[in-house]
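**Q** Supplied in structure tokens, the structure appears directly below.
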Amino acid sequence: MQPLLQLKGIDKAFPGVKALSGAALSVYPGKVMALVGENGAGKSTMMKVLTGIYQKDAGSQYFLGKEVVFNGPKDSQEAGIGIIHQELNLIPQLTIAENIFLGREFVNRFGRIDWKRMYAEADRLLARLNLRYSSHRLVGELSIGDQQMVEIAKVLSFESKVIIMDEPTDALTDTETASLFKVINELKAEGRGIVYISHRLKEIFEICDDVTVFRDGQFIAERPVSELQEDSLIEMMVGRKLEEQYPRLDLPRGEKRLDVSHLSGPGVEDVSFTLYRGEILGVAGLVGAGRSEVMKILYGAAPRKAGTVSLDGRDVVTHSPQDGLANGIVYISEDRKRDGLVLGMSVKENMSLTALRYFSRADGSLKQVDERQAVGDFI
Ligand SMILES: Nc1ncnc2c1ncn2[C@@H]1O[C@H](COP(=O)(O)OP(=O)(O)OP(=O)(O)O)[C@@H](O)[C@H]1O
Ligand SMILES: [Mg+2]
């Protein structure tokens, strides 16, 4: 079968890192090509080269049988390649419809934006994804999962021939993932080619036809999914034979560490649970069920209205994230770009930001050598 899109011998280096070296990828009409590899294998870089966000150092790219060079994302978009990036790229202060049609708003015969048509089109896209809210809503008010669904709606609106999905289900629940898979099947039936990047191997076996494996920026193999087992796929990804993936640990249950009882606060009503030493406690629920809210109350990032929290037998009250940290409770936020990181600051500054007390002298100046040392150790 002739590929819709093909890349060969792609090299791309960043200062100090060879992100891609001789990488290759083919996308076929009506098929879903999985792209897998460990963290840092070069998957997202390949997608950015493919869409013209990065310029390749070497290699060639063919689209619909012709060699192409995209000088920027607008080029690839106009040629018929759509992408859902791994990171959200929406503008929180705009509505869903404004985000979807940003830069290509419908214009009526008076040269004005045709808002009615824009919102109607956007609502139609949301309905296709089984989303029950209006496209008039502000993106900033949506959960991360819903924002991801808006990204998907946006890429659908381009009617692209090739659609790239870089970790689309990271923030989605099972129900939302099912809606996405239904749409992927429709796109396949329309003859579009899809690149599907995911760390969830179950999804690869469920929705993908073929799989391309990258390791350390190199092309390792392209195989039909039907010929592979999960173990053999992981072996190609990591480059060695696998022993037991999740070895069983038969440890006795440790003592009680965290006891949460009758917790209430914004979006949370009467939640109780217990966490034991050495335990990982899963908290499940649909989008909007209040999972993040419970954790934010525990950490002190949201107010507690009622209930008690005890840690190692002593009562803990957290009015602020500082209280949470002081009590040994940390929270890794869901929306890391918005809540977790200061994007304008360096890696070093971000890492030490919540621990500055360890690096401060009495006069408030910073022990820079200590800071650098500690950050270096963590990296
Ligand atoms: N803009 C950049 N500047 C410098 N190095 C980069 C840049 N983007 C990516 N890299 C490096 O290139 C390598 C490949 O990264 P890439 O993000 O493509 O991996 P990935 O396969 O998408 O990983 P993940 O599964 O974690 O998303 C990594 O070593 C990464 O640190
Ligand atoms: Mg990536």
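Just remember, in the structure tokens the first chain shown is A, the second B, etc., residues are 1-based per chain, and ligands are 1-based in the order shown.
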How would you write, as a ChimeraX atom specification, the set of residues in segment 188-314 of chain A that DSSP gives as alpha helix (DSSP H)?
**A** /A:188-189,201-207,230-238,291-299
**Q** Give as a PyMOL selection string the residues surrounding ligand 1 up to a distance of 12 Å, considering only C-alpha atoms and all ligand atoms.
**A** chain A and resi 11-21+23+35-50+53-55+85-87+165-168+170+196-200+213-219+237
**Q** Counting only C-alpha atoms, which of A:Thr308, A:Glu186, A:Phe359, A:Ser179 gets nearest to Ala374 of chain A?
**A**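 Among the listed residues, the smallest separation from Ala374 of chain A belongs to A:Phe359.
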**Q** Pick from A:Ala362, A:Ile280, A:Ile84, A:Val139: nearest to ligand 2, with only C-alpha atoms and all ligand atoms counted?
**A**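 Among the listed residues, the smallest separation from ligand 2 belongs to A:Ile84.
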**Q** Residues of segment 114-318 of chain A in strand (DSSP E) according to DSSP, as a PyMOL selection string?
**A** chain A and resi 162-166+193-197+210-215+218-224+256-265+268-276+306-311+314-315
**Q** Using only C-alpha atoms, which residues sit within 8 Å of segment 310-319 of chain A once same-chain residues fewer than 4 positions away are excluded, as a list in words?
**A**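 Counting only C-alpha atoms, the residues come to Lys256, Arg257, Leu258, Asp259, Val260, Ile297, Leu298, Tyr299, Gly300, Ala301, Ala302, Pro303, Arg304, Asp323, Gly324 and Asn327 of chain A.
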**Q** Extract, using only C-alpha atoms, all DNA, RNA and protein residues at most 9 Å from Asp209 of chain A, discarding same-chain residues fewer than 3 positions from it, and format them as a list in words.
**A**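 Here the qualifying residues turn out to be Lys31, Val32, Met33, Ala34, Ile204, Phe205, Glu206, Arg223, Pro224, Val225 and Ser226 of chain A.
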**Q** Ala127 of chain A: which residues within 12 Å, counting only C-alpha atoms, same-chain residues fewer than 4 positions away excluded, as a ChimeraX atom specification?
**A** /A:120-123,131-135,149-150,153,179-180,183
**Q** Could the residues in this selection be written to a file with N, CA and C atoms, as a CSV table (one decimal), in the first residue's frame?
**A**
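Saved as selection-v5.csv:
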chain,number,residue,atom,x,y,z
A,120,ALA,N,-22.2,27.3,15.8
A,120,ALA,CA,-23.0,26.1,15.3
A,120,ALA,C,-22.0,25.0,14.9
A,121,GLU,N,-21.0,25.4,14.1
A,121,GLU,CA,-20.0,24.4,13.7
A,121,GLU,C,-19.3,23.8,14.9
A,122,ALA,N,-18.9,24.6,15.8
A,122,ALA,CA,-18.2,24.1,17.0
A,122,ALA,C,-19.1,23.2,17.8
A,123,ASP,N,-20.3,23.5,17.9
A,123,ASP,CA,-21.3,22.7,18.7
A,123,ASP,C,-21.4,21.3,18.0
A,131,LEU,N,-19.8,15.3,23.5
A,131,LEU,CA,-19.6,16.2,24.6
A,131,LEU,C,-20.9,17.0,24.8
A,132,ARG,N,-21.3,17.2,26.0
A,132,ARG,CA,-22.7,17.7,26.2
A,132,ARG,C,-22.7,19.2,26.6
A,133,TYR,N,-21.5,19.9,26.5
A,133,TYR,CA,-21.5,21.3,26.8
A,133,TYR,C,-21.5,22.2,25.6
A,134,SER,N,-21.8,23.5,25.8
A,134,SER,CA,-21.9,24.4,24.7
A,134,SER,C,-20.5,25.0,24.4
A,135,SER,N,-20.3,25.3,23.1
A,135,SER,CA,-19.0,25.8,22.6
A,135,SER,C,-18.9,27.3,23.1
A,149,MET,N,-10.3,17.2,25.0
A,149,MET,CA,-11.3,16.9,24.0
A,149,MET,C,-11.5,18.1,23.0
A,150,VAL,N,-11.3,19.3,23.5
A,150,VAL,CA,-11.4,20.5,22.6
A,150,VAL,C,-10.3,20.4,21.6
A,153,ALA,N,-11.4,18.1,19.0
A,153,ALA,CA,-12.5,18.7,18.2
A,153,ALA,C,-11.8,19.7,17.2
A,179,SER,N,-15.1,7.6,23.3
A,179,SER,CA,-15.6,8.5,22.3
A,179,SER,C,-14.6,8.8,21.2
A,180,LEU,N,-13.3,9.0,21.7
A,180,LEU,CA,-12.2,9.3,20.8
A,180,LEU,C,-12.0,8.1,19.8
A,183,VAL,N,-14.5,8.0,17.0
A,183,VAL,CA,-14.2,9.0,16.0
A,183,VAL,C,-13.0,8.5,15.2
**Q** Please provide as a PyMOL selection string all residues within 12 Å of Phe101 of chain A, with the sequence filter that same-chain residues fewer than 4 positions apart are discarded (counting only C-alpha atoms).
**A** chain A and resi 90-91+94-97+105-107+113-115+117-122+125+135+150-151+153-158
**Q** Once you have the residues from the selection above, write them out as an mmCIF file, in the first residue's frame, restricted to N, CA, C and O atoms.
**A**
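The result, stored in result-v2.cif:
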data_model
loop_
_atom_site.group_PDB
_atom_site.id
_atom_site.type_symbol
_atom_site.label_atom_id
_atom_site.label_comp_id
_atom_site.auth_asym_id
_atom_site.auth_seq_id
_atom_site.Cartn_x
_atom_site.Cartn_y
_atom_site.Cartn_z
ATOM 1 N N LEU A 90 -4.231 25.650 24.149
ATOM 2 C CA LEU A 90 -5.446 26.441 24.021
ATOM 3 C C LEU A 90 -5.305 27.760 24.774
ATOM 4 O O LEU A 90 -4.443 27.901 25.641
ATOM 5 N N ILE A 91 -6.162 28.700 24.435
ATOM 6 C CA ILE A 91 -6.141 29.992 25.116
ATOM 7 C C ILE A 91 -7.291 30.030 26.110
ATOM 8 O O ILE A 91 -8.464 30.029 25.729
ATOM 9 N N LEU A 94 -10.432 32.441 25.969
ATOM 10 C CA LEU A 94 -11.363 32.413 24.834
ATOM 11 C C LEU A 94 -12.348 31.258 24.982
ATOM 12 O O LEU A 94 -12.091 30.299 25.714
ATOM 13 N N THR A 95 -13.469 31.356 24.251
ATOM 14 C CA THR A 95 -14.444 30.272 24.308
ATOM 15 C C THR A 95 -13.937 29.074 23.508
ATOM 16 O O THR A 95 -12.950 29.173 22.775
ATOM 17 N N ILE A 96 -14.645 27.961 23.657
ATOM 18 C CA ILE A 96 -14.287 26.745 22.929
ATOM 19 C C ILE A 96 -14.287 27.017 21.431
ATOM 20 O O ILE A 96 -13.336 26.691 20.717
ATOM 21 N N ALA A 97 -15.372 27.658 20.940
ATOM 22 C CA ALA A 97 -15.474 27.908 19.499
ATOM 23 C C ALA A 97 -14.365 28.836 19.014
ATOM 24 O O ALA A 97 -13.766 28.608 17.957
ATOM 25 N N GLU A 105 -11.464 32.284 11.391
ATOM 26 C CA GLU A 105 -12.860 32.514 11.734
ATOM 27 C C GLU A 105 -13.710 32.633 10.467
ATOM 28 O O GLU A 105 -13.238 33.124 9.444
ATOM 29 N N PHE A 106 -14.951 32.184 10.549
ATOM 30 C CA PHE A 106 -15.852 32.343 9.404
ATOM 31 C C PHE A 106 -16.218 33.810 9.253
ATOM 32 O O PHE A 106 -16.454 34.500 10.251
ATOM 33 N N VAL A 107 -16.273 34.289 8.015
ATOM 34 C CA VAL A 107 -16.579 35.694 7.771
ATOM 35 C C VAL A 107 -17.844 35.761 6.917
ATOM 36 O O VAL A 107 -18.002 34.983 5.980
ATOM 37 N N ILE A 113 -17.085 38.765 11.359
ATOM 38 C CA ILE A 113 -17.029 37.370 11.809
ATOM 39 C C ILE A 113 -18.451 36.820 11.934
ATOM 40 O O ILE A 113 -19.322 37.461 12.518
ATOM 41 N N ASP A 114 -18.666 35.661 11.368
ATOM 42 C CA ASP A 114 -19.974 35.018 11.415
ATOM 43 C C ASP A 114 -20.046 34.144 12.674
ATOM 44 O O ASP A 114 -19.821 32.944 12.631
ATOM 45 N N TRP A 115 -20.344 34.823 13.795
ATOM 46 C CA TRP A 115 -20.328 34.119 15.092
ATOM 47 C C TRP A 115 -21.305 32.962 15.124
ATOM 48 O O TRP A 115 -21.018 31.901 15.670
ATOM 49 N N ARG A 117 -22.473 31.018 12.794
ATOM 50 C CA ARG A 117 -22.004 29.840 12.077
ATOM 51 C C ARG A 117 -20.842 29.181 12.844
ATOM 52 O O ARG A 117 -20.765 27.958 12.940
ATOM 53 N N MET A 118 -19.975 30.024 13.415
ATOM 54 C CA MET A 118 -18.820 29.499 14.122
ATOM 55 C C MET A 118 -19.246 28.661 15.325
ATOM 56 O O MET A 118 -18.741 27.556 15.546
ATOM 57 N N TYR A 119 -20.213 29.208 16.100
ATOM 58 C CA TYR A 119 -20.664 28.456 17.273
ATOM 59 C C TYR A 119 -21.445 27.209 16.862
ATOM 60 O O TYR A 119 -21.336 26.161 17.502
ATOM 61 N N ALA A 120 -22.191 27.311 15.765
ATOM 62 C CA ALA A 120 -22.952 26.136 15.318
ATOM 63 C C ALA A 120 -21.989 25.023 14.876
ATOM 64 O O ALA A 120 -22.158 23.855 15.236
ATOM 65 N N GLU A 121 -20.964 25.413 14.115
ATOM 66 C CA GLU A 121 -19.975 24.419 13.669
ATOM 67 C C GLU A 121 -19.258 23.790 14.859
ATOM 68 O O GLU A 121 -19.021 22.583 14.901
ATOM 69 N N ALA A 122 -18.880 24.638 15.816
ATOM 70 C CA ALA A 122 -18.167 24.138 16.993
ATOM 71 C C ALA A 122 -19.057 23.190 17.793
ATOM 72 O O ALA A 122 -18.609 22.124 18.231
ATOM 73 N N LEU A 125 -19.079 19.838 16.203
ATOM 74 C CA LEU A 125 -17.857 19.070 16.484
ATOM 75 C C LEU A 125 -17.896 18.466 17.890
ATOM 76 O O LEU A 125 -17.518 17.311 18.088
ATOM 77 N N SER A 135 -20.305 25.281 23.083
ATOM 78 C CA SER A 135 -19.023 25.834 22.641
ATOM 79 C C SER A 135 -18.868 27.289 23.055
ATOM 80 O O SER A 135 -17.867 27.923 22.755
ATOM 81 N N VAL A 150 -11.347 19.313 23.527
ATOM 82 C CA VAL A 150 -11.448 20.476 22.639
ATOM 83 C C VAL A 150 -10.305 20.450 21.613
ATOM 84 O O VAL A 150 -10.508 20.748 20.426
ATOM 85 N N GLU A 151 -9.114 20.055 22.049
ATOM 86 C CA GLU A 151 -7.990 19.918 21.112
ATOM 87 C C GLU A 151 -8.349 18.913 20.011
ATOM 88 O O GLU A 151 -8.035 19.106 18.835
ATOM 89 N N ALA A 153 -11.434 18.114 19.047
ATOM 90 C CA ALA A 153 -12.458 18.746 18.197
ATOM 91 C C ALA A 153 -11.791 19.689 17.205
ATOM 92 O O ALA A 153 -12.156 19.760 16.026
ATOM 93 N N LYS A 154 -10.774 20.404 17.682
ATOM 94 C CA LYS A 154 -10.098 21.367 16.829
ATOM 95 C C LYS A 154 -9.405 20.664 15.653
ATOM 96 O O LYS A 154 -9.531 21.085 14.504
ATOM 97 N N VAL A 155 -8.715 19.590 15.939
ATOM 98 C CA VAL A 155 -8.008 18.905 14.850
ATOM 99 C C VAL A 155 -9.002 18.307 13.852
ATOM 100 O O VAL A 155 -8.762 18.289 12.647
ATOM 101 N N LEU A 156 -10.169 17.869 14.364
ATOM 102 C CA LEU A 156 -11.188 17.326 13.450
ATOM 103 C C LEU A 156 -11.661 18.398 12.470
ATOM 104 O O LEU A 156 -11.952 18.118 11.304
ATOM 105 N N SER A 157 -11.708 19.653 12.953
ATOM 106 C CA SER A 157 -12.262 20.734 12.137
ATOM 107 C C SER A 157 -11.397 21.032 10.917
ATOM 108 O O SER A 157 -11.852 21.644 9.964
ATOM 109 N N PHE A 158 -10.136 20.585 10.952
ATOM 110 C CA PHE A 158 -9.263 20.846 9.805
ATOM 111 C C PHE A 158 -9.508 19.877 8.645
ATOM 112 O O PHE A 158 -9.008 20.094 7.544
#
**Q** Go ahead and compute the interatomic distance for atom CA of Gly328 of chain A and atom CA of Leu249 of chain A, in Å to one decimal.
**A**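 One can read the atom CA of Gly328 of chain A to atom CA of Leu249 of chain A distance as 26.0 Å.
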